[in-house]
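Structure file coords36.cif (mmCIF, N, CA and C atoms) is printed below.
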```cif
data_coords
#
loop_
_atom_site.label_atom_id
_atom_site.label_comp_id
_atom_site.auth_asym_id
_atom_site.auth_seq_id
_atom_site.Cartn_x
_atom_site.Cartn_y
_atom_site.Cartn_z
N MET A 272 182.55 24.51 -7.68
CA MET A 272 182.52 25.96 -7.83
C MET A 272 181.14 26.37 -8.35
N ILE A 273 180.57 27.35 -7.68
CA ILE A 273 179.31 27.93 -8.15
C ILE A 273 179.65 29.20 -8.92
N ILE A 274 179.12 29.30 -10.11
CA ILE A 274 179.42 30.46 -10.95
C ILE A 274 178.24 31.44 -10.90
N ASN A 275 178.56 32.67 -10.53
CA ASN A 275 177.57 33.74 -10.53
C ASN A 275 177.86 34.58 -11.78
N THR A 276 177.11 34.33 -12.84
CA THR A 276 177.40 34.99 -14.13
C THR A 276 177.27 36.50 -14.05
N GLU A 277 176.38 37.01 -13.20
CA GLU A 277 176.25 38.47 -13.09
C GLU A 277 177.51 39.08 -12.49
N ARG A 278 178.09 38.41 -11.51
CA ARG A 278 179.34 38.90 -10.91
C ARG A 278 180.49 38.81 -11.91
N VAL A 279 180.57 37.71 -12.62
CA VAL A 279 181.63 37.55 -13.62
C VAL A 279 181.50 38.63 -14.68
N ARG A 280 180.28 38.84 -15.17
CA ARG A 280 180.04 39.87 -16.18
C ARG A 280 180.47 41.25 -15.65
N MET A 281 180.10 41.53 -14.42
CA MET A 281 180.41 42.83 -13.83
C MET A 281 181.93 43.07 -13.77
N VAL A 282 182.67 42.04 -13.37
CA VAL A 282 184.13 42.16 -13.31
C VAL A 282 184.70 42.37 -14.71
N LEU A 283 184.28 41.55 -15.65
CA LEU A 283 184.82 41.65 -17.00
C LEU A 283 184.49 42.99 -17.66
N MET A 284 183.35 43.56 -17.35
CA MET A 284 182.94 44.82 -17.97
C MET A 284 183.44 46.05 -17.21
N ASN A 285 184.04 45.86 -16.06
CA ASN A 285 184.53 46.98 -15.24
C ASN A 285 185.82 47.53 -15.84
N LYS A 286 185.70 48.65 -16.53
CA LYS A 286 186.85 49.24 -17.20
C LYS A 286 187.85 49.87 -16.23
N ALA A 287 187.49 49.93 -14.96
CA ALA A 287 188.44 50.41 -13.95
C ALA A 287 189.54 49.36 -13.72
N ILE A 288 189.27 48.13 -14.14
CA ILE A 288 190.28 47.07 -14.09
C ILE A 288 190.77 46.87 -15.51
N SER A 289 192.01 47.16 -15.75
CA SER A 289 192.51 47.05 -17.12
C SER A 289 192.53 45.59 -17.57
N GLY A 290 192.37 45.40 -18.87
CA GLY A 290 192.45 44.07 -19.45
C GLY A 290 193.79 43.43 -19.15
N TYR A 291 194.84 44.25 -19.15
CA TYR A 291 196.19 43.76 -18.85
C TYR A 291 196.24 43.21 -17.42
N SER A 292 195.67 43.96 -16.47
CA SER A 292 195.67 43.52 -15.07
C SER A 292 194.91 42.20 -14.91
N LEU A 293 193.75 42.12 -15.53
CA LEU A 293 192.97 40.88 -15.45
C LEU A 293 193.72 39.71 -16.07
N TRP A 294 194.37 39.95 -17.18
CA TRP A 294 195.14 38.91 -17.83
C TRP A 294 196.26 38.42 -16.91
N LYS A 295 196.97 39.35 -16.27
CA LYS A 295 198.09 38.99 -15.39
C LYS A 295 197.63 38.13 -14.21
N VAL A 296 196.48 38.43 -13.64
CA VAL A 296 196.05 37.71 -12.44
C VAL A 296 195.16 36.50 -12.73
N THR A 297 194.54 36.44 -13.91
CA THR A 297 193.63 35.33 -14.19
C THR A 297 194.05 34.48 -15.39
N GLY A 298 194.85 35.05 -16.27
CA GLY A 298 195.23 34.32 -17.48
C GLY A 298 194.22 34.47 -18.61
N VAL A 299 193.15 35.24 -18.37
CA VAL A 299 192.16 35.49 -19.42
C VAL A 299 192.76 36.47 -20.42
N SER A 300 192.70 36.13 -21.68
CA SER A 300 193.34 36.93 -22.72
C SER A 300 192.83 38.37 -22.77
N GLN A 301 193.77 39.28 -22.93
CA GLN A 301 193.42 40.70 -23.06
C GLN A 301 192.53 40.92 -24.27
N THR A 302 192.78 40.18 -25.32
CA THR A 302 191.99 40.31 -26.55
C THR A 302 190.53 39.95 -26.28
N ALA A 303 190.30 38.87 -25.56
CA ALA A 303 188.92 38.45 -25.25
C ALA A 303 188.23 39.52 -24.41
N ILE A 304 188.95 40.07 -23.44
CA ILE A 304 188.38 41.11 -22.57
C ILE A 304 188.06 42.36 -23.39
N SER A 305 188.98 42.75 -24.24
CA SER A 305 188.80 43.94 -25.08
C SER A 305 187.63 43.76 -26.04
N ARG A 306 187.54 42.60 -26.68
CA ARG A 306 186.44 42.34 -27.62
C ARG A 306 185.09 42.34 -26.90
N LEU A 307 185.07 41.80 -25.68
CA LEU A 307 183.84 41.79 -24.88
C LEU A 307 183.43 43.22 -24.54
N ARG A 308 184.37 44.00 -24.05
CA ARG A 308 184.07 45.36 -23.63
C ARG A 308 183.67 46.27 -24.80
N SER A 309 184.19 46.00 -25.96
CA SER A 309 183.87 46.82 -27.14
C SER A 309 182.59 46.37 -27.84
N GLY A 310 182.03 45.24 -27.39
CA GLY A 310 180.80 44.74 -27.99
C GLY A 310 181.03 43.83 -29.18
N HIS A 311 182.28 43.50 -29.48
CA HIS A 311 182.58 42.61 -30.60
C HIS A 311 182.45 41.13 -30.23
N LYS A 312 182.26 40.88 -28.95
CA LYS A 312 182.07 39.51 -28.47
C LYS A 312 180.98 39.55 -27.42
N LYS A 313 180.09 38.55 -27.45
CA LYS A 313 179.02 38.47 -26.47
C LYS A 313 179.50 37.70 -25.24
N PHE A 314 179.00 38.09 -24.10
CA PHE A 314 179.34 37.39 -22.86
C PHE A 314 178.97 35.92 -22.98
N GLU A 315 177.85 35.63 -23.59
CA GLU A 315 177.36 34.26 -23.74
C GLU A 315 178.29 33.39 -24.57
N ASP A 316 179.18 34.02 -25.35
CA ASP A 316 180.11 33.27 -26.20
C ASP A 316 181.45 32.98 -25.52
N LEU A 317 181.62 33.44 -24.28
CA LEU A 317 182.86 33.16 -23.56
C LEU A 317 182.92 31.68 -23.22
N THR A 318 184.12 31.16 -23.14
CA THR A 318 184.27 29.75 -22.79
C THR A 318 184.03 29.57 -21.29
N LEU A 319 183.65 28.37 -20.93
CA LEU A 319 183.45 28.04 -19.52
C LEU A 319 184.77 28.23 -18.76
N GLU A 320 185.87 27.90 -19.40
CA GLU A 320 187.19 28.06 -18.77
C GLU A 320 187.44 29.53 -18.40
N THR A 321 187.10 30.44 -19.30
CA THR A 321 187.28 31.87 -19.04
C THR A 321 186.42 32.31 -17.86
N ILE A 322 185.17 31.91 -17.87
CA ILE A 322 184.25 32.29 -16.80
C ILE A 322 184.71 31.71 -15.47
N MET A 323 185.20 30.47 -15.48
CA MET A 323 185.68 29.84 -14.25
C MET A 323 186.92 30.55 -13.70
N LYS A 324 187.79 31.03 -14.56
CA LYS A 324 188.98 31.76 -14.10
C LYS A 324 188.58 33.05 -13.38
N ILE A 325 187.62 33.75 -13.94
CA ILE A 325 187.17 35.00 -13.30
C ILE A 325 186.46 34.68 -11.99
N GLN A 326 185.60 33.66 -11.99
CA GLN A 326 184.89 33.29 -10.77
C GLN A 326 185.87 32.87 -9.67
N ALA A 327 186.90 32.13 -10.02
CA ALA A 327 187.91 31.71 -9.04
C ALA A 327 188.60 32.95 -8.44
N TRP A 328 188.89 33.92 -9.28
CA TRP A 328 189.54 35.16 -8.83
C TRP A 328 188.62 35.90 -7.86
N ILE A 329 187.34 35.96 -8.18
CA ILE A 329 186.36 36.59 -7.28
C ILE A 329 186.29 35.80 -5.97
N ASP A 330 186.18 34.48 -6.07
CA ASP A 330 186.06 33.62 -4.89
C ASP A 330 187.27 33.74 -3.97
N ASP A 331 188.41 34.03 -4.54
CA ASP A 331 189.64 34.19 -3.74
C ASP A 331 189.69 35.54 -3.03
N GLY A 332 188.63 36.35 -3.21
CA GLY A 332 188.53 37.61 -2.48
C GLY A 332 189.22 38.80 -3.12
N HIS A 333 189.48 38.71 -4.42
CA HIS A 333 190.19 39.79 -5.09
C HIS A 333 189.28 40.90 -5.61
N TYR A 334 187.98 40.73 -5.47
CA TYR A 334 187.04 41.75 -5.94
C TYR A 334 185.89 41.81 -4.95
N THR A 335 185.55 42.99 -4.53
CA THR A 335 184.48 43.17 -3.57
C THR A 335 183.30 43.87 -4.23
N PHE A 336 182.12 43.36 -3.99
CA PHE A 336 180.91 43.95 -4.52
C PHE A 336 180.27 44.77 -3.41
N SER A 337 179.67 45.87 -3.78
CA SER A 337 179.05 46.72 -2.75
C SER A 337 177.66 47.15 -3.20
N TYR A 338 176.92 47.67 -2.22
CA TYR A 338 175.56 48.12 -2.44
C TYR A 338 175.46 49.52 -1.84
N ASP A 339 174.84 50.43 -2.52
CA ASP A 339 174.77 51.81 -2.04
C ASP A 339 173.69 51.98 -0.97
N TYR A 340 174.15 51.93 0.26
CA TYR A 340 173.29 52.14 1.42
C TYR A 340 173.43 53.56 1.96
N SER A 341 174.11 54.44 1.26
CA SER A 341 174.44 55.77 1.78
C SER A 341 173.25 56.48 2.42
N GLU A 342 172.16 56.62 1.69
CA GLU A 342 171.00 57.37 2.20
C GLU A 342 170.34 56.66 3.38
N LEU A 343 170.08 55.37 3.25
CA LEU A 343 169.41 54.63 4.31
C LEU A 343 170.30 54.56 5.57
N LEU A 344 171.60 54.41 5.36
CA LEU A 344 172.54 54.36 6.48
C LEU A 344 172.61 55.71 7.19
N ASP A 345 172.63 56.80 6.42
CA ASP A 345 172.61 58.15 7.02
C ASP A 345 171.33 58.35 7.83
N GLU A 346 170.21 57.92 7.28
CA GLU A 346 168.91 58.04 7.96
C GLU A 346 168.92 57.24 9.27
N LEU A 347 169.42 56.02 9.22
CA LEU A 347 169.46 55.18 10.41
C LEU A 347 170.41 55.75 11.45
N THR A 348 171.56 56.21 11.03
CA THR A 348 172.52 56.80 11.96
C THR A 348 171.91 58.01 12.66
N SER A 349 171.22 58.83 11.91
CA SER A 349 170.53 59.99 12.47
C SER A 349 169.45 59.56 13.47
N ASP A 350 168.68 58.54 13.11
CA ASP A 350 167.64 58.03 14.00
C ASP A 350 168.24 57.51 15.32
N ILE A 351 169.38 56.85 15.22
CA ILE A 351 170.05 56.33 16.42
C ILE A 351 170.51 57.49 17.29
N GLU A 352 171.13 58.50 16.65
CA GLU A 352 171.61 59.67 17.40
C GLU A 352 170.48 60.42 18.09
N GLU A 353 169.32 60.43 17.47
CA GLU A 353 168.15 61.11 18.04
C GLU A 353 167.44 60.25 19.09
N GLY A 354 167.90 59.01 19.26
CA GLY A 354 167.30 58.13 20.25
C GLY A 354 165.97 57.53 19.82
N LEU A 355 165.73 57.48 18.53
CA LEU A 355 164.45 56.95 18.02
C LEU A 355 164.42 55.43 17.96
N THR A 356 165.59 54.82 17.98
CA THR A 356 165.65 53.36 17.85
C THR A 356 165.88 52.71 19.20
N GLY A 357 165.53 51.44 19.28
CA GLY A 357 165.79 50.66 20.47
C GLY A 357 166.88 49.65 20.18
N GLU A 358 166.89 48.58 20.96
CA GLU A 358 167.89 47.54 20.80
C GLU A 358 167.70 46.76 19.50
N TYR A 359 166.44 46.70 19.02
CA TYR A 359 166.12 45.95 17.81
C TYR A 359 165.42 46.83 16.79
N LEU A 360 165.58 46.44 15.52
CA LEU A 360 164.83 47.04 14.42
C LEU A 360 164.11 45.92 13.69
N TYR A 361 163.08 46.30 12.97
CA TYR A 361 162.32 45.36 12.15
C TYR A 361 162.59 45.75 10.70
N VAL A 362 163.44 44.97 10.03
CA VAL A 362 163.87 45.35 8.69
C VAL A 362 163.02 44.69 7.61
N VAL A 363 162.87 45.44 6.52
CA VAL A 363 162.17 44.96 5.33
C VAL A 363 163.26 44.75 4.28
N ARG A 364 163.24 43.61 3.64
CA ARG A 364 164.22 43.31 2.59
C ARG A 364 163.55 43.31 1.22
N GLY A 365 164.30 43.71 0.22
CA GLY A 365 163.80 43.74 -1.14
C GLY A 365 163.97 42.39 -1.82
N GLU A 366 163.82 42.40 -3.12
CA GLU A 366 164.00 41.19 -3.92
C GLU A 366 165.45 40.72 -3.84
N TYR A 367 165.68 39.46 -4.16
CA TYR A 367 167.03 38.89 -4.14
C TYR A 367 167.92 39.66 -5.12
N ASN A 368 169.09 40.06 -4.66
CA ASN A 368 170.05 40.80 -5.47
C ASN A 368 171.13 39.83 -5.93
N GLU A 369 171.19 39.56 -7.23
CA GLU A 369 172.14 38.60 -7.79
C GLU A 369 173.59 38.98 -7.51
N ILE A 370 173.89 40.25 -7.62
CA ILE A 370 175.27 40.71 -7.43
C ILE A 370 175.70 40.51 -5.97
N MET A 371 174.87 40.92 -5.05
CA MET A 371 175.22 40.81 -3.63
C MET A 371 174.92 39.42 -3.07
N GLU A 372 174.17 38.64 -3.81
CA GLU A 372 173.80 37.27 -3.44
C GLU A 372 173.00 37.22 -2.14
N LYS A 373 172.11 38.18 -1.98
CA LYS A 373 171.21 38.20 -0.83
C LYS A 373 170.13 39.24 -1.05
N ARG A 374 169.18 39.28 -0.15
CA ARG A 374 168.11 40.29 -0.19
C ARG A 374 168.59 41.48 0.64
N MET A 375 168.58 42.65 0.04
CA MET A 375 169.09 43.85 0.69
C MET A 375 168.01 44.52 1.55
N ILE A 376 168.45 45.19 2.59
CA ILE A 376 167.54 45.95 3.45
C ILE A 376 167.05 47.16 2.67
N ILE A 377 165.73 47.34 2.61
CA ILE A 377 165.20 48.49 1.89
C ILE A 377 164.45 49.46 2.80
N ASP A 378 164.15 49.02 4.02
CA ASP A 378 163.44 49.89 4.97
C ASP A 378 163.52 49.25 6.35
N TYR A 379 163.09 50.00 7.35
CA TYR A 379 163.08 49.45 8.70
C TYR A 379 162.02 50.15 9.53
N TYR A 380 161.60 49.45 10.58
CA TYR A 380 160.64 49.99 11.54
C TYR A 380 161.27 49.92 12.93
N TYR A 381 160.82 50.80 13.81
CA TYR A 381 161.33 50.82 15.19
C TYR A 381 160.65 49.77 16.06
N SER A 382 159.38 49.48 15.78
CA SER A 382 158.62 48.54 16.62
C SER A 382 157.63 47.77 15.76
N PRO A 383 157.16 46.65 16.27
CA PRO A 383 156.19 45.84 15.50
C PRO A 383 154.87 46.57 15.26
N ASP A 384 154.54 47.54 16.12
CA ASP A 384 153.29 48.29 15.97
C ASP A 384 153.26 49.13 14.69
N GLU A 385 154.43 49.51 14.19
CA GLU A 385 154.52 50.39 13.02
C GLU A 385 154.48 49.65 11.70
N ILE A 386 154.69 48.34 11.71
CA ILE A 386 154.82 47.56 10.47
C ILE A 386 153.54 47.67 9.65
N GLU A 387 153.71 48.10 8.40
CA GLU A 387 152.58 48.28 7.50
C GLU A 387 152.09 46.92 6.99
N GLU A 388 150.81 46.85 6.74
CA GLU A 388 150.20 45.62 6.23
C GLU A 388 150.89 45.21 4.94
N GLY A 389 151.23 43.94 4.87
CA GLY A 389 151.88 43.41 3.67
C GLY A 389 153.39 43.37 3.76
N ASP A 390 153.98 44.13 4.69
CA ASP A 390 155.43 44.12 4.83
C ASP A 390 155.85 42.91 5.67
N ILE A 391 156.82 42.20 5.18
CA ILE A 391 157.39 41.08 5.92
C ILE A 391 158.69 41.60 6.52
N THR A 392 158.81 41.48 7.83
CA THR A 392 159.98 42.03 8.50
C THR A 392 160.76 40.94 9.22
N GLU A 393 161.97 41.34 9.58
CA GLU A 393 162.88 40.47 10.29
C GLU A 393 163.40 41.26 11.49
N LYS A 394 163.28 40.72 12.69
CA LYS A 394 163.74 41.40 13.90
C LYS A 394 165.24 41.17 14.04
N ILE A 395 166.00 42.27 14.02
CA ILE A 395 167.46 42.20 14.06
C ILE A 395 167.98 43.24 15.05
N PRO A 396 169.02 42.92 15.81
CA PRO A 396 169.61 43.95 16.68
C PRO A 396 170.05 45.16 15.85
N THR A 397 169.77 46.33 16.36
CA THR A 397 170.08 47.58 15.65
C THR A 397 171.56 47.63 15.25
N ALA A 398 172.44 47.22 16.16
CA ALA A 398 173.88 47.24 15.86
C ALA A 398 174.21 46.34 14.67
N ALA A 399 173.53 45.20 14.56
CA ALA A 399 173.77 44.27 13.45
C ALA A 399 173.29 44.86 12.12
N VAL A 400 172.19 45.61 12.16
CA VAL A 400 171.68 46.27 10.95
C VAL A 400 172.70 47.29 10.46
N VAL A 401 173.21 48.10 11.37
CA VAL A 401 174.21 49.11 11.02
C VAL A 401 175.46 48.42 10.47
N GLU A 402 175.90 47.37 11.12
CA GLU A 402 177.10 46.63 10.69
C GLU A 402 176.91 46.06 9.28
N GLU A 403 175.75 45.45 9.01
CA GLU A 403 175.48 44.88 7.69
C GLU A 403 175.50 45.97 6.62
N MET A 404 174.83 47.07 6.91
CA MET A 404 174.79 48.16 5.93
C MET A 404 176.19 48.73 5.67
N LYS A 405 176.96 48.94 6.71
CA LYS A 405 178.32 49.49 6.53
C LYS A 405 179.19 48.54 5.73
N LYS A 406 179.10 47.25 6.05
CA LYS A 406 179.89 46.26 5.34
C LYS A 406 179.54 46.22 3.86
N ASP A 407 178.24 46.16 3.57
CA ASP A 407 177.79 46.09 2.17
C ASP A 407 178.01 47.40 1.42
N ASN A 408 178.09 48.50 2.15
CA ASN A 408 178.27 49.82 1.54
C ASN A 408 179.74 50.12 1.25
N SER A 409 180.63 49.32 1.82
CA SER A 409 182.08 49.57 1.70
C SER A 409 182.60 49.23 0.31
N ILE A 410 183.51 50.04 -0.14
CA ILE A 410 184.21 49.78 -1.39
C ILE A 410 185.68 49.67 -1.04
N PHE A 411 186.27 48.53 -1.38
CA PHE A 411 187.68 48.30 -1.04
C PHE A 411 188.56 48.61 -2.21
#
```

Entire entry expressed as structure tokens:
Amino acid sequence: MIINTERVRMVLMNKAISGYSLWKVTGVSQTAISRLRSGHKKFEDLTLETIMKIQAWIDDGHYTFSYDYSELLDELTSDIEEGLTGEYLYVVRGEYNEIMEKRMIIDYYYSPDEIEEGDITEKIPTAAVVEEMKKDNSIF
């Protein structure tokens, strides 16, 4: 099992998930969750067993992480509707995102002629770019 501490922290600190609910599905004590959320316990002081229980719950697909692509996705959709894009786009990715466990798309170009000096791009079918953004933008 690979443990992503940022994801585990995010789940444990998400007050939209009650401590009771997390306890029922993971066995992690409500008291530990409450103390963590209130600042009476540090994340670093959690036991490995507790962290592994949360990671296993995440790995089983019970929690979905998302990235806000709303603006960029709206811009791309508009560009497609206006006929500005072709079959492929040249995407620029940002720094590695620990939560999403990948480098997120931060910009795109229509053709290689437009790529600004210093930008490293990846040639991807336009439909795949839209699909990736929609998937990562989804909240389940």

Item to check | Residues in the PyMOL selection byres (((chain A and resi 316-330 and name CA) around 8) and name CA), expressed as an NGL selection string | outcome: :A and (272 or 274-276 or 278-279 or 282-283 or 296-299 or 312-315 or 331-335)

Residues as selected, N, CA and C atoms, written as a tab-separated table (two decimals), in the frame of the given file, can you do that?
```
chain	number	residue	atom	x	y	z
A	272	MET	N	182.55	24.51	-7.68
A	272	MET	CA	182.52	25.96	-7.83
A	272	MET	C	181.14	26.37	-8.35
A	274	ILE	N	179.12	29.30	-10.11
A	274	ILE	CA	179.42	30.46	-10.95
A	274	ILE	C	178.24	31.44	-10.90
A	275	ASN	N	178.56	32.67	-10.53
A	275	ASN	CA	177.57	33.74	-10.53
A	275	ASN	C	177.86	34.58	-11.78
A	276	THR	N	177.11	34.33	-12.84
A	276	THR	CA	177.40	34.99	-14.13
A	276	THR	C	177.27	36.50	-14.05
A	278	ARG	N	178.09	38.41	-11.51
A	278	ARG	CA	179.34	38.90	-10.91
A	278	ARG	C	180.49	38.81	-11.91
A	279	VAL	N	180.57	37.71	-12.62
A	279	VAL	CA	181.63	37.55	-13.62
A	279	VAL	C	181.50	38.63	-14.68
A	282	VAL	N	182.67	42.04	-13.37
A	282	VAL	CA	184.13	42.16	-13.31
A	282	VAL	C	184.70	42.37	-14.71
A	283	LEU	N	184.28	41.55	-15.65
A	283	LEU	CA	184.82	41.65	-17.00
A	283	LEU	C	184.49	42.99	-17.66
A	296	VAL	N	196.48	38.43	-13.64
A	296	VAL	CA	196.05	37.71	-12.44
A	296	VAL	C	195.16	36.50	-12.73
A	297	THR	N	194.54	36.44	-13.91
A	297	THR	CA	193.63	35.33	-14.19
A	297	THR	C	194.05	34.48	-15.39
A	298	GLY	N	194.85	35.05	-16.27
A	298	GLY	CA	195.23	34.32	-17.48
A	298	GLY	C	194.22	34.47	-18.61
A	299	VAL	N	193.15	35.24	-18.37
A	299	VAL	CA	192.16	35.49	-19.42
A	299	VAL	C	192.76	36.47	-20.42
A	312	LYS	N	182.26	40.88	-28.95
A	312	LYS	CA	182.07	39.51	-28.47
A	312	LYS	C	180.98	39.55	-27.42
A	313	LYS	N	180.09	38.55	-27.45
A	313	LYS	CA	179.02	38.47	-26.47
A	313	LYS	C	179.50	37.70	-25.24
A	314	PHE	N	179.00	38.09	-24.10
A	314	PHE	CA	179.34	37.39	-22.86
A	314	PHE	C	178.97	35.92	-22.98
A	315	GLU	N	177.85	35.63	-23.59
A	315	GLU	CA	177.36	34.26	-23.74
A	315	GLU	C	178.29	33.39	-24.57
A	331	ASP	N	188.41	34.03	-4.54
A	331	ASP	CA	189.64	34.19	-3.74
A	331	ASP	C	189.69	35.54	-3.03
A	332	GLY	N	188.63	36.35	-3.21
A	332	GLY	CA	188.53	37.61	-2.48
A	332	GLY	C	189.22	38.80	-3.12
A	333	HIS	N	189.48	38.71	-4.42
A	333	HIS	CA	190.19	39.79	-5.09
A	333	HIS	C	189.28	40.90	-5.61
A	334	TYR	N	187.98	40.73	-5.47
A	334	TYR	CA	187.04	41.75	-5.94
A	334	TYR	C	185.89	41.81	-4.95
A	335	THR	N	185.55	42.99	-4.53
A	335	THR	CA	184.48	43.17	-3.57
A	335	THR	C	183.30	43.87	-4.23
```

Item to check | Interatomic distance (Å, one decimal) between CA of Glu346 (chain A) and atom C of Leu360 (chain A) | outcome: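 Answer for the CA of Glu346 (chain A) to atom C of Leu360 (chain A) separation: 14.2 Å.
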
Could you state which residues are captured by the PyMOL selection byres (((chain A and resi 382 and name CA) around 9) and name CA) in this file, as an mmCIF file with N, CA and C atoms, in the frame of the given file?
```cif
data_model
loop_
_atom_site.group_PDB
_atom_site.id
_atom_site.type_symbol
_atom_site.label_atom_id
_atom_site.label_comp_id
_atom_site.auth_asym_id
_atom_site.auth_seq_id
_atom_site.Cartn_x
_atom_site.Cartn_y
_atom_site.Cartn_z
ATOM 1 N N THR A 356 165.590 54.820 17.980
ATOM 2 C CA THR A 356 165.650 53.360 17.850
ATOM 3 C C THR A 356 165.880 52.710 19.200
ATOM 4 N N GLY A 357 165.530 51.440 19.280
ATOM 5 C CA GLY A 357 165.790 50.660 20.470
ATOM 6 C C GLY A 357 166.880 49.650 20.180
ATOM 7 N N TYR A 359 166.440 46.700 19.020
ATOM 8 C CA TYR A 359 166.120 45.950 17.810
ATOM 9 C C TYR A 359 165.420 46.830 16.790
ATOM 10 N N LEU A 360 165.580 46.440 15.520
ATOM 11 C CA LEU A 360 164.830 47.040 14.420
ATOM 12 C C LEU A 360 164.110 45.920 13.690
ATOM 13 N N TYR A 361 163.080 46.300 12.970
ATOM 14 C CA TYR A 361 162.320 45.360 12.150
ATOM 15 C C TYR A 361 162.590 45.750 10.700
ATOM 16 N N TYR A 380 161.600 49.450 10.580
ATOM 17 C CA TYR A 380 160.640 49.990 11.540
ATOM 18 C C TYR A 380 161.270 49.920 12.930
ATOM 19 N N TYR A 381 160.820 50.800 13.810
ATOM 20 C CA TYR A 381 161.330 50.820 15.190
ATOM 21 C C TYR A 381 160.650 49.770 16.060
ATOM 22 N N PRO A 383 157.160 46.650 16.270
ATOM 23 C CA PRO A 383 156.190 45.840 15.500
ATOM 24 C C PRO A 383 154.870 46.570 15.260
ATOM 25 N N ASP A 384 154.540 47.540 16.120
ATOM 26 C CA ASP A 384 153.290 48.290 15.970
ATOM 27 C C ASP A 384 153.260 49.130 14.690
ATOM 28 N N GLU A 385 154.430 49.510 14.190
ATOM 29 C CA GLU A 385 154.520 50.390 13.020
ATOM 30 C C GLU A 385 154.480 49.650 11.700
ATOM 31 N N ILE A 386 154.690 48.340 11.710
ATOM 32 C CA ILE A 386 154.820 47.560 10.470
ATOM 33 C C ILE A 386 153.540 47.670 9.650
#
```

Checklist entry - Looking only at the backbone, which of the residues in chain A does DSSP tag as alpha helix (DSSP H), as a ChimeraX atom specification? => result /A:276-284,290-297,301-309,319-330,341-352,397-408

Item to check | Proximity to Met404 (chain A) - best of A:Lys373, A:His311, A:Leu343, A:Gly389, only C-alpha atoms | outcome: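 That would be A:Leu343, the residue with the smallest distance to Met404 (chain A).
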
Next on the checklist: I'd like the neighbourhood of Asn408 (chain A) as a list in words, where a residue qualifies if any of its atoms comes within 8 Å (using only N, CA and C atoms), though same-chain residues fewer than 2 positions away should be ignored.
Outcome noted: Phe336, Ser337, Tyr338, Asp339, Tyr340, Ser341, Glu402, Glu403, Met404, Lys405, Lys406, Ile410 and Phe411 of chain A

Just list as a CSV table (one decimal) with N, CA and C atoms, keeping the file's coordinate frame whatever in region 353-393 of chain A DSSP marks as strand (DSSP E or B).
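Here's the written file part.csv:
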```
chain,number,residue,atom,x,y,z
A,359,TYR,N,166.4,46.7,19.0
A,359,TYR,CA,166.1,46.0,17.8
A,359,TYR,C,165.4,46.8,16.8
A,360,LEU,N,165.6,46.4,15.5
A,360,LEU,CA,164.8,47.0,14.4
A,360,LEU,C,164.1,45.9,13.7
A,361,TYR,N,163.1,46.3,13.0
A,361,TYR,CA,162.3,45.4,12.2
A,361,TYR,C,162.6,45.8,10.7
A,362,VAL,N,163.4,45.0,10.0
A,362,VAL,CA,163.9,45.4,8.7
A,362,VAL,C,163.0,44.7,7.6
A,363,VAL,N,162.9,45.4,6.5
A,363,VAL,CA,162.2,45.0,5.3
A,363,VAL,C,163.3,44.8,4.3
A,364,ARG,N,163.2,43.6,3.6
A,364,ARG,CA,164.2,43.3,2.6
A,364,ARG,C,163.6,43.3,1.2
A,365,GLY,N,164.3,43.7,0.2
A,365,GLY,CA,163.8,43.7,-1.1
A,365,GLY,C,164.0,42.4,-1.8
A,366,GLU,N,163.8,42.4,-3.1
A,366,GLU,CA,164.0,41.2,-3.9
A,366,GLU,C,165.4,40.7,-3.8
A,367,TYR,N,165.7,39.5,-4.2
A,367,TYR,CA,167.0,38.9,-4.1
A,367,TYR,C,167.9,39.7,-5.1
A,368,ASN,N,169.1,40.1,-4.7
A,368,ASN,CA,170.0,40.8,-5.5
A,368,ASN,C,171.1,39.8,-5.9
A,373,LYS,N,172.1,38.2,-2.0
A,373,LYS,CA,171.2,38.2,-0.8
A,373,LYS,C,170.1,39.2,-1.0
A,374,ARG,N,169.2,39.3,-0.2
A,374,ARG,CA,168.1,40.3,-0.2
A,374,ARG,C,168.6,41.5,0.6
A,375,MET,N,168.6,42.6,0.0
A,375,MET,CA,169.1,43.8,0.7
A,375,MET,C,168.0,44.5,1.6
A,376,ILE,N,168.4,45.2,2.6
A,376,ILE,CA,167.5,46.0,3.4
A,376,ILE,C,167.0,47.2,2.7
A,377,ILE,N,165.7,47.3,2.6
A,377,ILE,CA,165.2,48.5,1.9
A,377,ILE,C,164.4,49.5,2.8
A,378,ASP,N,164.2,49.0,4.0
A,378,ASP,CA,163.4,49.9,5.0
A,378,ASP,C,163.5,49.2,6.4
A,379,TYR,N,163.1,50.0,7.4
A,379,TYR,CA,163.1,49.4,8.7
A,379,TYR,C,162.0,50.2,9.5
A,380,TYR,N,161.6,49.4,10.6
A,380,TYR,CA,160.6,50.0,11.5
A,380,TYR,C,161.3,49.9,12.9
A,392,THR,N,158.8,41.5,7.8
A,392,THR,CA,160.0,42.0,8.5
A,392,THR,C,160.8,40.9,9.2
A,393,GLU,N,162.0,41.3,9.6
A,393,GLU,CA,162.9,40.5,10.3
A,393,GLU,C,163.4,41.3,11.5
```

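With distances restricted to only C-alpha atoms, A:Leu344 is the closest residue to Ser409 (chain A) from A:Tyr367, A:Arg306, A:Ser300, A:Leu344.
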
Item to check | Atomic distance atom C of Ala398 (chain A) - atom C of Glu369 (chain A), expressed in Å with one decimal | outcome: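 So the two atoms, atom C of Ala398 (chain A) and atom C of Glu369 (chain A), lie 23.4 Å apart.
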
Checklist entry - Which residues, protein or nucleic acid, reach to within 9 Å of (163.9, 38.5, 5.5) in the file's coordinates when using only C-alpha atoms, and can you give that as a ChimeraX atom specification? => result /A:362-365,374-376,391-394

Checklist entry - What does the distance from atom C of Gly354 (chain A) to atom N of Glu366 (chain A) come to in Å, to one decimal? => result 27.6 Å

Item to check | Nearest residue to Thr348 (chain A) from the set A:Ile273, A:Ala287, A:Ile304, A:Val401 (distances using all atoms listed in the file) | outcome: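 Among the listed residues, A:Val401 lies closest to Thr348 (chain A).
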